[in-house]
>>> print(open('final-v3.cif').read())   # mmCIF, C-alpha atoms, pLDDT in the B column; chains and numbers go by the auth columns
data_target
#
loop_
_atom_site.group_PDB
_atom_site.id
_atom_site.type_symbol
_atom_site.label_atom_id
_atom_site.label_comp_id
_atom_site.label_asym_id
_atom_site.label_seq_id
_atom_site.Cartn_x
_atom_site.Cartn_y
_atom_site.Cartn_z
_atom_site.B_iso_or_equiv
_atom_site.auth_seq_id
_atom_site.auth_asym_id
ATOM 1 C CA ASN A 1 -16.299 -36.828 1.773 85.00 1 A
ATOM 2 C CA TYR A 2 -18.265 -40.063 2.174 88.00 2 A
ATOM 3 C CA HIS A 3 -18.600 -42.440 5.133 87.00 3 A
ATOM 4 C CA VAL A 4 -20.051 -45.782 6.150 92.00 4 A
ATOM 5 C CA GLU A 5 -23.524 -45.703 7.653 93.00 5 A
ATOM 6 C CA GLY A 6 -23.417 -45.805 11.451 91.00 6 A
ATOM 7 C CA ALA A 7 -19.676 -45.147 11.624 91.00 7 A
ATOM 8 C CA ASP A 8 -18.119 -43.369 14.628 90.00 8 A
ATOM 9 C CA ALA A 9 -17.513 -39.634 14.358 87.00 9 A
ATOM 10 C CA GLY A 10 -13.768 -40.194 14.435 86.00 10 A
ATOM 11 C CA THR A 11 -11.051 -37.751 15.425 86.00 11 A
ATOM 12 C CA ALA A 12 -11.115 -34.033 14.692 85.00 12 A
ATOM 13 C CA ALA A 13 -9.114 -32.739 11.744 84.00 13 A
ATOM 14 C CA THR A 14 -9.082 -29.041 12.570 87.00 14 A
ATOM 15 C CA THR A 15 -6.172 -26.671 12.078 86.00 15 A
ATOM 16 C CA VAL A 16 -5.337 -24.253 14.878 87.00 16 A
ATOM 17 C CA THR A 17 -5.504 -20.582 13.887 84.00 17 A
ATOM 18 C CA THR A 18 -2.089 -18.918 13.612 82.00 18 A
ATOM 19 C CA ARG A 19 -1.957 -15.373 14.932 84.00 19 A
ATOM 20 C CA ILE A 20 0.379 -13.103 12.993 85.00 20 A
ATOM 21 C CA THR A 21 1.515 -10.104 15.007 89.00 21 A
ATOM 22 C CA ASN A 22 2.659 -6.635 14.067 94.00 22 A
ATOM 23 C CA GLN A 23 3.840 -3.467 15.759 95.00 23 A
ATOM 24 C CA THR A 24 2.464 0.052 15.794 96.00 24 A
ATOM 25 C CA GLN A 25 4.672 2.776 14.375 96.00 25 A
ATOM 26 C CA ILE A 26 4.858 6.422 15.405 97.00 26 A
ATOM 27 C CA SER A 27 5.152 8.959 12.591 96.00 27 A
ATOM 28 C CA LYS A 28 5.348 12.699 13.106 96.00 28 A
ATOM 29 C CA LYS A 29 6.039 16.047 11.470 96.00 29 A
ATOM 30 C CA VAL A 30 7.017 19.278 13.239 95.00 30 A
ATOM 31 C CA VAL A 31 6.357 22.752 11.825 93.00 31 A
ATOM 32 C CA GLU A 32 7.471 26.121 13.180 92.00 32 A
ATOM 33 C CA VAL A 33 6.677 29.655 12.059 91.00 33 A
ATOM 34 C CA SER A 34 8.128 32.880 13.447 89.00 34 A
ATOM 35 C CA GLY A 35 5.841 35.458 15.007 87.00 35 A
ATOM 36 C CA SER A 36 6.628 37.996 12.287 85.00 36 A
ATOM 37 C CA HIS A 37 5.928 35.555 9.476 81.00 37 A
ATOM 38 C CA GLU A 38 2.556 34.712 10.957 80.00 38 A
ATOM 39 C CA ALA A 39 1.638 38.380 11.497 83.00 39 A
ATOM 40 C CA VAL A 40 2.373 39.743 8.027 86.00 40 A
ATOM 41 C CA ASN A 41 0.076 39.605 5.006 82.00 41 A
ATOM 42 C CA ASN A 42 1.013 36.208 3.556 77.00 42 A
ATOM 43 C CA ALA A 43 0.548 35.987 -0.183 80.00 43 A
ATOM 44 C CA GLY A 44 -2.232 33.611 -1.185 78.00 44 A
ATOM 45 C CA LYS A 45 -3.034 32.411 2.324 81.00 45 A
ATOM 46 C CA LYS A 46 -4.401 33.757 5.575 86.00 46 A
ATOM 47 C CA SER A 47 -2.047 31.903 7.899 89.00 47 A
ATOM 48 C CA GLU A 48 1.472 30.634 7.217 90.00 48 A
ATOM 49 C CA LEU A 49 1.186 28.221 10.148 90.00 49 A
ATOM 50 C CA ALA A 50 -2.016 26.693 8.771 91.00 50 A
ATOM 51 C CA HIS A 51 -0.366 26.403 5.352 91.00 51 A
ATOM 52 C CA GLN A 52 2.652 24.607 6.800 91.00 52 A
ATOM 53 C CA LEU A 53 0.399 22.266 8.805 94.00 53 A
ATOM 54 C CA ALA A 54 -1.531 21.345 5.658 94.00 54 A
ATOM 55 C CA LYS A 55 1.710 20.568 3.818 94.00 55 A
ATOM 56 C CA ALA A 56 3.038 18.530 6.751 95.00 56 A
ATOM 57 C CA SER A 57 -0.199 16.532 6.865 96.00 57 A
ATOM 58 C CA LYS A 58 0.249 15.481 3.232 96.00 58 A
ATOM 59 C CA GLU A 59 3.906 14.644 3.871 96.00 59 A
ATOM 60 C CA LEU A 60 2.930 12.521 6.870 96.00 60 A
ATOM 61 C CA LYS A 61 0.394 10.531 4.855 96.00 61 A
ATOM 62 C CA ARG A 62 2.969 10.082 2.092 95.00 62 A
ATOM 63 C CA ASP A 63 5.459 8.691 4.610 95.00 63 A
ATOM 64 C CA MET A 64 2.800 6.359 6.001 96.00 64 A
ATOM 65 C CA GLU A 65 2.001 5.006 2.539 95.00 65 A
ATOM 66 C CA GLY A 66 5.657 4.275 1.944 94.00 66 A
ATOM 67 C CA SER A 67 5.931 2.395 5.239 94.00 67 A
ATOM 68 C CA LEU A 68 2.718 0.427 4.708 96.00 68 A
ATOM 69 C CA LEU A 69 3.883 -0.802 1.287 93.00 69 A
ATOM 70 C CA ALA A 70 7.486 -1.458 2.295 91.00 70 A
ATOM 71 C CA ASP A 71 9.225 -4.822 2.471 91.00 71 A
ATOM 72 C CA ASN A 72 10.361 -4.260 6.048 91.00 72 A
ATOM 73 C CA ALA A 73 9.722 -6.598 8.972 94.00 73 A
ATOM 74 C CA ALA A 74 8.142 -5.450 12.208 94.00 74 A
ATOM 75 C CA ALA A 75 10.536 -4.000 14.793 94.00 75 A
ATOM 76 C CA ALA A 76 9.615 -4.087 18.474 93.00 76 A
ATOM 77 C CA GLY A 77 11.870 -1.144 19.298 91.00 77 A
ATOM 78 C CA ASN A 78 13.472 -0.165 22.580 93.00 78 A
ATOM 79 C CA ALA A 79 14.652 2.935 24.402 92.00 79 A
ATOM 80 C CA SER A 80 16.910 3.925 21.506 93.00 80 A
ATOM 81 C CA THR A 81 15.271 2.239 18.488 93.00 81 A
ATOM 82 C CA ALA A 82 11.890 3.218 17.054 94.00 82 A
ATOM 83 C CA ARG A 83 9.136 0.672 16.529 94.00 83 A
ATOM 84 C CA GLU A 84 8.317 -0.157 12.916 96.00 84 A
ATOM 85 C CA THR A 85 5.175 -1.663 11.465 96.00 85 A
ATOM 86 C CA ARG A 86 5.449 -4.612 9.107 96.00 86 A
ATOM 87 C CA GLY A 87 4.893 -3.638 5.481 95.00 87 A
ATOM 88 C CA ALA A 88 2.551 -5.328 3.008 95.00 88 A
ATOM 89 C CA ALA A 89 5.377 -6.718 0.879 94.00 89 A
ATOM 90 C CA ASN A 90 6.847 -8.413 3.950 94.00 90 A
ATOM 91 C CA PHE A 91 3.490 -9.966 4.909 95.00 91 A
ATOM 92 C CA ILE A 92 2.987 -11.638 1.517 96.00 92 A
ATOM 93 C CA ALA A 93 5.064 -14.819 1.457 94.00 93 A
ATOM 94 C CA THR A 94 2.970 -17.570 -0.165 95.00 94 A
ATOM 95 C CA ASN A 95 1.867 -16.383 -3.605 96.00 95 A
ATOM 96 C CA VAL A 96 5.151 -14.979 -4.857 94.00 96 A
ATOM 97 C CA THR A 97 6.594 -15.077 -8.368 92.00 97 A
ATOM 98 C CA ASP A 98 10.077 -13.683 -8.939 88.00 98 A
ATOM 99 C CA ALA A 99 10.534 -12.445 -12.493 81.00 99 A
ATOM 100 C CA GLY A 100 14.269 -13.112 -12.209 76.00 100 A
ATOM 101 C CA THR A 101 16.662 -14.640 -9.742 67.00 101 A
ATOM 102 C CA SER A 102 16.519 -13.263 -6.215 60.00 102 A
ATOM 103 C CA GLY A 103 18.161 -9.853 -6.044 62.00 103 A
ATOM 104 C CA THR A 104 18.293 -9.403 -9.846 68.00 104 A
ATOM 105 C CA HIS A 105 14.650 -8.939 -10.776 70.00 105 A
ATOM 106 C CA ALA A 106 13.860 -9.033 -14.471 79.00 106 A
ATOM 107 C CA ALA A 107 11.174 -6.994 -16.231 85.00 107 A
ATOM 108 C CA VAL A 108 7.675 -8.248 -15.443 88.00 108 A
ATOM 109 C CA VAL A 109 5.898 -10.123 -18.248 89.00 109 A
ATOM 110 C CA GLU A 110 2.346 -11.394 -18.633 90.00 110 A
ATOM 111 C CA ALA A 111 3.343 -14.925 -17.616 91.00 111 A
ATOM 112 C CA ASP A 112 4.420 -13.591 -14.206 92.00 112 A
ATOM 113 C CA ILE A 113 1.081 -11.844 -13.700 93.00 113 A
ATOM 114 C CA LEU A 114 -0.854 -14.979 -14.664 94.00 114 A
ATOM 115 C CA ALA A 115 1.300 -17.088 -12.338 95.00 115 A
ATOM 116 C CA VAL A 116 0.445 -14.947 -9.308 96.00 116 A
ATOM 117 C CA ALA A 117 -3.223 -14.685 -10.303 96.00 117 A
ATOM 118 C CA GLU A 118 -3.444 -18.485 -10.531 97.00 118 A
ATOM 119 C CA SER A 119 -1.521 -18.993 -7.291 96.00 119 A
ATOM 120 C CA THR A 120 -3.803 -16.693 -5.285 96.00 120 A
ATOM 121 C CA TRP A 121 -6.898 -18.284 -6.834 96.00 121 A
ATOM 122 C CA ASN A 122 -5.683 -21.777 -5.923 96.00 122 A
ATOM 123 C CA ALA A 123 -5.103 -20.575 -2.354 95.00 123 A
ATOM 124 C CA GLY A 124 -8.722 -19.365 -2.134 94.00 124 A
ATOM 125 C CA GLY A 125 -7.949 -15.669 -2.509 94.00 125 A
ATOM 126 C CA GLU A 126 -9.932 -13.145 -4.529 94.00 126 A
ATOM 127 C CA PRO A 127 -7.621 -10.159 -5.105 96.00 127 A
ATOM 128 C CA SER A 128 -9.158 -7.396 -7.195 96.00 128 A
ATOM 129 C CA THR A 129 -6.351 -4.837 -7.487 97.00 129 A
ATOM 130 C CA ILE A 130 -2.919 -4.873 -9.069 97.00 130 A
ATOM 131 C CA LEU A 131 -0.859 -2.120 -7.434 96.00 131 A
ATOM 132 C CA LEU A 132 2.417 -1.118 -9.092 94.00 132 A
ATOM 133 C CA GLY A 133 4.904 1.634 -9.782 92.00 133 A
ATOM 134 C CA ALA A 134 5.588 3.595 -12.946 92.00 134 A
ATOM 135 C CA THR A 135 8.137 1.162 -14.413 90.00 135 A
ATOM 136 C CA ASN A 136 5.848 -1.853 -14.241 91.00 136 A
ATOM 137 C CA LYS A 137 2.764 0.134 -15.268 92.00 137 A
ATOM 138 C CA LYS A 138 4.390 0.913 -18.606 91.00 138 A
ATOM 139 C CA LEU A 139 5.323 -2.738 -19.058 90.00 139 A
ATOM 140 C CA VAL A 140 1.736 -3.851 -18.399 90.00 140 A
ATOM 141 C CA THR A 141 0.439 -1.328 -20.933 88.00 141 A
ATOM 142 C CA ALA A 142 2.915 -2.684 -23.497 86.00 142 A
ATOM 143 C CA MET A 143 1.963 -6.365 -22.991 83.00 143 A
ATOM 144 C CA SER A 144 1.267 -8.212 -26.223 74.00 144 A
ATOM 145 C CA GLY A 145 -2.182 -9.257 -25.029 64.00 145 A
ATOM 146 C CA ARG A 146 -3.349 -5.677 -25.534 60.00 146 A
ATOM 147 C CA ALA A 147 -4.299 -6.242 -29.192 53.00 147 A
ATOM 148 C CA ASP A 148 -0.652 -5.733 -30.141 52.00 148 A
ATOM 149 C CA ALA A 149 -0.646 -2.270 -28.540 53.00 149 A
ATOM 150 C CA VAL A 150 -3.214 -0.755 -30.925 57.00 150 A
ATOM 151 C CA ARG A 151 -4.022 2.792 -29.855 61.00 151 A
ATOM 152 C CA THR A 152 -7.556 4.140 -29.835 63.00 152 A
ATOM 153 C CA VAL A 153 -8.135 7.651 -31.171 65.00 153 A
ATOM 154 C CA SER A 154 -11.365 9.442 -30.228 64.00 154 A
ATOM 155 C CA ASP A 155 -12.879 12.890 -29.711 63.00 155 A
ATOM 156 C CA ASN A 156 -12.285 13.963 -33.320 70.00 156 A
ATOM 157 C CA ASN A 157 -8.672 12.794 -33.127 68.00 157 A
ATOM 158 C CA THR A 158 -7.898 14.910 -30.046 69.00 158 A
ATOM 159 C CA THR A 159 -7.518 12.037 -27.533 75.00 159 A
ATOM 160 C CA ILE A 160 -5.194 9.036 -27.766 75.00 160 A
ATOM 161 C CA GLN A 161 -5.883 6.211 -25.326 76.00 161 A
ATOM 162 C CA ASN A 162 -2.713 4.288 -24.574 79.00 162 A
ATOM 163 C CA ALA A 163 -3.159 2.738 -21.138 83.00 163 A
ATOM 164 C CA VAL A 164 -4.338 -0.512 -19.569 87.00 164 A
ATOM 165 C CA ASP A 165 -6.468 0.014 -16.452 90.00 165 A
ATOM 166 C CA VAL A 166 -8.224 -3.382 -16.193 92.00 166 A
ATOM 167 C CA TYR A 167 -6.754 -6.845 -16.681 92.00 167 A
ATOM 168 C CA VAL A 168 -9.171 -9.758 -17.188 92.00 168 A
ATOM 169 C CA SER A 169 -7.661 -13.212 -16.681 92.00 169 A
ATOM 170 C CA ASP A 170 -8.897 -16.772 -16.236 93.00 170 A
ATOM 171 C CA PHE A 171 -8.443 -16.275 -12.501 95.00 171 A
ATOM 172 C CA GLY A 172 -10.141 -12.946 -11.947 93.00 172 A
ATOM 173 C CA THR A 173 -10.505 -9.347 -13.051 95.00 173 A
ATOM 174 C CA PHE A 174 -8.010 -6.830 -11.701 96.00 174 A
ATOM 175 C CA ASN A 175 -8.119 -3.045 -11.528 96.00 175 A
ATOM 176 C CA ILE A 176 -4.620 -1.743 -12.237 96.00 176 A
ATOM 177 C CA MET A 177 -3.658 1.109 -9.912 95.00 177 A
ATOM 178 C CA LEU A 178 -0.542 3.245 -10.250 94.00 178 A
ATOM 179 C CA ASP A 179 1.164 4.201 -6.979 94.00 179 A
ATOM 180 C CA ARG A 180 4.132 6.577 -6.905 91.00 180 A
ATOM 181 C CA PHE A 181 5.280 5.239 -3.518 90.00 181 A
ATOM 182 C CA CYS A 182 5.217 1.589 -4.581 89.00 182 A
ATOM 183 C CA ASP A 183 8.603 -0.150 -4.786 86.00 183 A
ATOM 184 C CA GLN A 184 9.552 -0.403 -8.466 86.00 184 A
ATOM 185 C CA ASP A 185 10.609 -4.036 -7.866 88.00 185 A
ATOM 186 C CA VAL A 186 7.217 -5.173 -6.524 92.00 186 A
ATOM 187 C CA VAL A 187 3.806 -5.711 -8.135 94.00 187 A
ATOM 188 C CA TYR A 188 1.040 -6.290 -5.572 96.00 188 A
ATOM 189 C CA PHE A 189 -2.127 -8.382 -6.017 97.00 189 A
ATOM 190 C CA LEU A 190 -4.374 -7.164 -3.211 97.00 190 A
ATOM 191 C CA ASP A 191 -7.650 -8.321 -1.677 96.00 191 A
ATOM 192 C CA HIS A 192 -8.812 -5.167 0.112 94.00 192 A
ATOM 193 C CA ASP A 193 -10.965 -7.130 2.569 95.00 193 A
ATOM 194 C CA MET A 194 -7.775 -8.613 4.014 95.00 194 A
ATOM 195 C CA TRP A 195 -6.074 -5.320 4.892 97.00 195 A
ATOM 196 C CA SER A 196 -6.671 -2.441 7.259 96.00 196 A
ATOM 197 C CA VAL A 197 -4.683 0.333 8.890 97.00 197 A
ATOM 198 C CA ASP A 198 -5.359 0.312 12.631 96.00 198 A
ATOM 199 C CA TYR A 199 -4.690 3.314 14.849 97.00 199 A
ATOM 200 C CA LEU A 200 -3.502 3.260 18.441 96.00 200 A
ATOM 201 C CA ARG A 201 -3.499 7.071 18.305 96.00 201 A
ATOM 202 C CA ASP A 202 -5.316 8.798 15.458 96.00 202 A
ATOM 203 C CA PHE A 203 -3.974 11.930 13.752 96.00 203 A
ATOM 204 C CA GLN A 204 -3.566 14.767 16.217 96.00 204 A
ATOM 205 C CA THR A 205 -1.974 18.208 16.384 95.00 205 A
ATOM 206 C CA VAL A 206 0.078 18.861 19.513 95.00 206 A
ATOM 207 C CA ASP A 207 1.097 22.331 20.703 93.00 207 A
ATOM 208 C CA ILE A 208 4.807 22.564 21.520 92.00 208 A
ATOM 209 C CA ALA A 209 5.968 24.932 24.263 90.00 209 A
ATOM 210 C CA ARG A 210 7.394 28.217 22.956 87.00 210 A
ATOM 211 C CA ALA A 211 11.174 28.508 23.123 83.00 211 A
ATOM 212 C CA GLY A 212 11.389 31.920 21.479 87.00 212 A
ATOM 213 C CA ASP A 213 9.568 34.235 19.101 89.00 213 A
ATOM 214 C CA GLY A 214 7.730 31.587 17.123 88.00 214 A
ATOM 215 C CA GLU A 215 4.983 29.003 17.220 91.00 215 A
ATOM 216 C CA LYS A 216 5.684 25.292 16.896 93.00 216 A
ATOM 217 C CA LYS A 217 3.268 22.398 16.434 94.00 217 A
ATOM 218 C CA MET A 218 3.666 18.653 15.947 95.00 218 A
ATOM 219 C CA LEU A 219 1.517 16.324 13.868 96.00 219 A
ATOM 220 C CA VAL A 220 1.673 12.782 15.224 97.00 220 A
ATOM 221 C CA VAL A 221 -0.030 9.449 14.530 97.00 221 A
ATOM 222 C CA GLU A 222 0.536 5.904 15.822 97.00 222 A
ATOM 223 C CA TYR A 223 -0.650 3.139 13.511 97.00 223 A
ATOM 224 C CA GLY A 224 -0.031 -0.383 12.284 97.00 224 A
ATOM 225 C CA LEU A 225 -0.878 -2.537 9.275 97.00 225 A
ATOM 226 C CA ARG A 226 -3.256 -5.456 9.824 96.00 226 A
ATOM 227 C CA CYS A 227 -3.285 -8.388 7.412 95.00 227 A
ATOM 228 C CA GLY A 228 -6.242 -10.750 7.697 93.00 228 A
ATOM 229 C CA ASN A 229 -4.657 -13.530 5.612 93.00 229 A
ATOM 230 C CA GLU A 230 -1.567 -13.097 3.481 95.00 230 A
ATOM 231 C CA LYS A 231 -2.466 -16.125 1.312 95.00 231 A
ATOM 232 C CA ALA A 232 -5.341 -14.131 -0.188 96.00 232 A
ATOM 233 C CA ASN A 233 -2.794 -11.773 -1.731 97.00 233 A
ATOM 234 C CA GLY A 234 0.225 -12.076 -3.988 97.00 234 A
ATOM 235 C CA LYS A 235 3.267 -10.249 -5.264 95.00 235 A
#
>>> encode(input="final-v3.cif", output="structure tokens")
Amino acid sequence: NYHVEGADAGTAATTVTTRITNQTQISKKVVEVSGSHEAVNNAGKKSELAHQLAKASKELKRDMEGSLLADNAAAAGNASTARETRGAANFIATNVTDAGTSGTHAAVVEADILAVAESTWNAGGEPSTILLGATNKKLVTAMSGRADAVRTVSDNNTTIQNAVDVYVSDFGTFNIMLDRFCDQDVVYFLDHDMWSVDYLRDFQTVDIARAGDGEKKMLVVEYGLRCGNEKANGK
């Protein structure tokens, strides 16, 4: 960037910001408990309804995690079709390395991980987390770079350490996180500053009108995934 003294400013060379849109998605769980079941002495809990609500809350968050990590595009929805939020795998399109040919993914190897790490670094990204499922977690632990898979024995030979939780590369250090709802065909390289879950309607419990001798409640939430810049991430 060097110029002649006294030269004109010249024309602008700016790039217009591209807005990437998404949709909010409604997720819900309904629980119902009979009047008798709620009135009796429930083993291990004071209220069966409260117990079922707690379980449904965990199920709802599990379903949300699956949707947020999915490779599905956003769906606008209509009177008969539900809206769907765009998943993280579908957002990431620039820094992508396919371990095999499309549709027939091979087992991930260290060269694939380095390729994505380098690609995101060249794009200006700073991902700090590798998120993956059980299949790929075992493959990362078995990579040859791990001192030929030497196991460490400690605590008077009562503990064997056989896991890789941090990967240090030329292009950054990554915390390796295991996720049971992550697609087994996808390994994510995530910059947490570039993601957020936004809520149109936060978690709420709604009373449903009685239709008999029982009590019914609905847990509902309306949310969407926001991606600040997909080029800061990889898969």
>>> closest_atom_pairs(input="final-v3.cif", of="range 43-105 of chain A", to="range 116-133 of chain A", cutoff="9 Å", atoms="only C-alpha atoms", output="Markdown table")
| residue | atom | partner | partner_atom | distance |
| --- | --- | --- | --- | --- |
| A:Thr94 | CA | A:Thr120 | CA | 8.5 |
| A:Asn95 | CA | A:Ser119 | CA | 5.6 |
| A:Val96 | CA | A:Val116 | CA | 6.5 |
| A:Thr97 | CA | A:Val116 | CA | 6.2 |
>>> atom_distance(input="final-v3.cif", atom1="CA of Val109 in chain A", atom2="CA of Arg62 in chain A")
28.8 Å
>>> closest_residue(input="final-v3.cif", among="A:Ala12, A:Ala93, A:Ala209, A:Ile20", to="Gly228 in chain A", atoms="all atoms listed in the file")
A:Ile20
>>> closest_residue(input="final-v3.cif", among="A:Ala73, A:Val140, A:Ala82, A:Leu178", to="Thr21 in chain A", atoms="all atoms listed in the file")
A:Ala73
>>> residues_around(input="final-v3.cif", residues="Gln23 in chain A", least_positions_apart="6", cutoff="9 Å", atoms="only C-alpha atoms", output="list in words")
Ala74, Ala75, Ala76, Arg83, Glu84, Thr85, Arg86, Tyr223, Gly224 and Leu225 of chain A
>>> atom_distance(input="final-v3.cif", atom1="CA of Val33 in chain A", atom2="CA of Gln52 in chain A")
8.3 Å
>>> resolve_selection(input="final-v3.cif", expression="the PyMOL selection byres ((chain A and resi 162-164) around 6)", output="MDAnalysis selection string")
chainID A and resid 141 151 161 165:166
>>> write_last_selection(input="final-v3.cif", atoms="C-alpha atoms", output="PDB file, in the coordinates of the input")
ATOM      1  CA  THR A 141       0.439  -1.328 -20.933  1.00 88.00           C
ATOM      2  CA  ARG A 151      -4.022   2.792 -29.855  1.00 61.00           C
ATOM      3  CA  GLN A 161      -5.883   6.211 -25.326  1.00 76.00           C
ATOM      4  CA  ASP A 165      -6.468   0.014 -16.452  1.00 90.00           C
ATOM      5  CA  VAL A 166      -8.224  -3.382 -16.193  1.00 92.00           C
TER       6      VAL A 166
END
>>> atom_distance(input="final-v3.cif", atom1="CA of Val16 in chain A", atom2="CA of Asn229 in chain A")
14.2 Å
>>> residues_around(input="final-v3.cif", residues="range 44-50 of chain A", least_positions_apart="6", cutoff="10 Å", atoms="all atoms listed in the file", output="PyMOL selection string")
chain A and resi 31-35+37-38+56+215-217
>>> closest_residue(input="final-v3.cif", among="A:Met177, A:Ala134, A:Ala13, A:Cys182", to="Leu68 in chain A", atoms="all atoms listed in the file")
A:Cys182
>>> resolve_selection(input="final-v3.cif", expression="the PyMOL selection byres ((chain A and resi 169) around 10)", output="PyMOL selection string")
chain A and resi 113-114+117-118+166-168+170-174
>>> resolve_selection(input="final-v3.cif", expression="the PyMOL selection byres ((chain A and resi 218) around 6)", output="PDB file with C-alpha atoms, in the coordinates of the input")
ATOM      1  CA  LYS A  29       6.039  16.047  11.470  1.00 96.00           C
ATOM      2  CA  VAL A  30       7.017  19.278  13.239  1.00 95.00           C
ATOM      3  CA  THR A 205      -1.974  18.208  16.384  1.00 95.00           C
ATOM      4  CA  VAL A 206       0.078  18.861  19.513  1.00 95.00           C
ATOM      5  CA  LYS A 217       3.268  22.398  16.434  1.00 94.00           C
ATOM      6  CA  LEU A 219       1.517  16.324  13.868  1.00 96.00           C
TER       7      LEU A 219
END
>>> closest_residue(input="final-v3.cif", among="A:Ala9, A:Val40, A:Val4, A:Ile26", to="Glu222 in chain A", atoms="only C-alpha atoms")
A:Ile26
>>> residues_near_point(input="final-v3.cif", point="(-6.3, -4.5, 8.5)", cutoff="7 Å", atoms="all atoms listed in the file", output="VMD selection string")
chain A and resid 194 to 198 225 to 228
>>> write_last_selection(input="final-v3.cif", atoms="C-alpha atoms", output="mmCIF file, in the frame of the given file")
data_model
loop_
_atom_site.group_PDB
_atom_site.id
_atom_site.type_symbol
_atom_site.label_atom_id
_atom_site.label_comp_id
_atom_site.auth_asym_id
_atom_site.auth_seq_id
_atom_site.Cartn_x
_atom_site.Cartn_y
_atom_site.Cartn_z
ATOM 1 C CA MET A 194 -7.775 -8.613 4.014
ATOM 2 C CA TRP A 195 -6.074 -5.320 4.892
ATOM 3 C CA SER A 196 -6.671 -2.441 7.259
ATOM 4 C CA VAL A 197 -4.683 0.333 8.890
ATOM 5 C CA ASP A 198 -5.359 0.312 12.631
ATOM 6 C CA LEU A 225 -0.878 -2.537 9.275
ATOM 7 C CA ARG A 226 -3.256 -5.456 9.824
ATOM 8 C CA CYS A 227 -3.285 -8.388 7.412
ATOM 9 C CA GLY A 228 -6.242 -10.750 7.697
#
>>> axis_aligned_box(input="final-v3.cif", around="range 221-232 of chain A", padding_each_side="3 Å", output="JSON")
{"center_x": -2.9, "center_y": -3.3, "center_z": 7.8, "size_x": 12.8, "size_y": 31.6, "size_z": 22.0}
>>> residues_around(input="final-v3.cif", residues="Gly87 in chain A", least_positions_apart="5", cutoff="6 Å", atoms="only C-alpha atoms", output="PyMOL selection string")
chain A and resi 68-72
>>> residues_around(input="final-v3.cif", residues="Phe203 in chain A", least_positions_apart="2", cutoff="7 Å", atoms="all atoms listed in the file", output="PDB file with C-alpha atoms, in the frame of the given file")
ATOM      1  CA  ARG A 201      -3.499   7.071  18.305  1.00 96.00           C
ATOM      2  CA  VAL A 220       1.673  12.782  15.224  1.00 97.00           C
ATOM      3  CA  VAL A 221      -0.030   9.449  14.530  1.00 97.00           C
TER       4      VAL A 221
END
>>> closest_residue(input="final-v3.cif", among="A:Thr18, A:Ser36, A:Thr24, A:Ala111", to="Gly77 in chain A", atoms="only C-alpha atoms")
A:Thr24
>>> decode(input="final-v3.cif", residues="range 28-41 of chain A", atoms="N, CA and C atoms", output="mmCIF file, in the first residue's frame")
data_model
loop_
_atom_site.group_PDB
_atom_site.id
_atom_site.type_symbol
_atom_site.label_atom_id
_atom_site.label_comp_id
_atom_site.auth_asym_id
_atom_site.auth_seq_id
_atom_site.Cartn_x
_atom_site.Cartn_y
_atom_site.Cartn_z
ATOM 1 N N LYS A 28 -41.332 -27.511 21.302
ATOM 2 C CA LYS A 28 -42.208 -27.638 22.464
ATOM 3 C C LYS A 28 -42.246 -29.078 22.963
ATOM 4 N N LYS A 29 -42.660 -29.224 24.208
ATOM 5 C CA LYS A 29 -42.908 -30.509 24.837
ATOM 6 C C LYS A 29 -44.174 -30.370 25.682
ATOM 7 N N VAL A 30 -45.023 -31.384 25.645
ATOM 8 C CA VAL A 30 -46.266 -31.379 26.416
ATOM 9 C C VAL A 30 -46.227 -32.530 27.418
ATOM 10 N N VAL A 31 -46.560 -32.233 28.665
ATOM 11 C CA VAL A 31 -46.636 -33.274 29.700
ATOM 12 C C VAL A 31 -48.033 -33.265 30.298
ATOM 13 N N GLU A 32 -48.475 -34.422 30.753
ATOM 14 C CA GLU A 32 -49.804 -34.550 31.363
ATOM 15 C C GLU A 32 -49.742 -35.605 32.455
ATOM 16 N N VAL A 33 -50.346 -35.294 33.579
ATOM 17 C CA VAL A 33 -50.371 -36.199 34.730
ATOM 18 C C VAL A 33 -51.799 -36.264 35.252
ATOM 19 N N SER A 34 -52.273 -37.463 35.543
ATOM 20 C CA SER A 34 -53.632 -37.616 36.066
ATOM 21 C C SER A 34 -53.724 -37.063 37.485
ATOM 22 N N GLY A 35 -54.947 -36.731 37.888
ATOM 23 C CA GLY A 35 -55.148 -36.199 39.231
ATOM 24 C C GLY A 35 -54.734 -37.185 40.306
ATOM 25 N N SER A 36 -55.020 -38.455 40.101
ATOM 26 C CA SER A 36 -54.660 -39.479 41.091
ATOM 27 C C SER A 36 -53.148 -39.609 41.221
ATOM 28 N N HIS A 37 -52.473 -39.621 40.073
ATOM 29 C CA HIS A 37 -51.016 -39.776 40.100
ATOM 30 C C HIS A 37 -50.349 -38.614 40.826
ATOM 31 N N GLU A 38 -50.905 -37.433 40.687
ATOM 32 C CA GLU A 38 -50.323 -36.276 41.345
ATOM 33 C C GLU A 38 -50.627 -36.278 42.842
ATOM 34 N N ALA A 39 -51.735 -36.891 43.236
ATOM 35 C CA ALA A 39 -52.172 -36.853 44.638
ATOM 36 C C ALA A 39 -51.493 -37.888 45.514
ATOM 37 N N VAL A 40 -51.080 -39.014 44.934
ATOM 38 C CA VAL A 40 -50.509 -40.084 45.750
ATOM 39 C C VAL A 40 -49.091 -39.735 46.192
ATOM 40 N N ASN A 41 -48.544 -40.586 47.071
ATOM 41 C CA ASN A 41 -47.182 -40.415 47.550
ATOM 42 C C ASN A 41 -46.226 -40.987 46.502
#
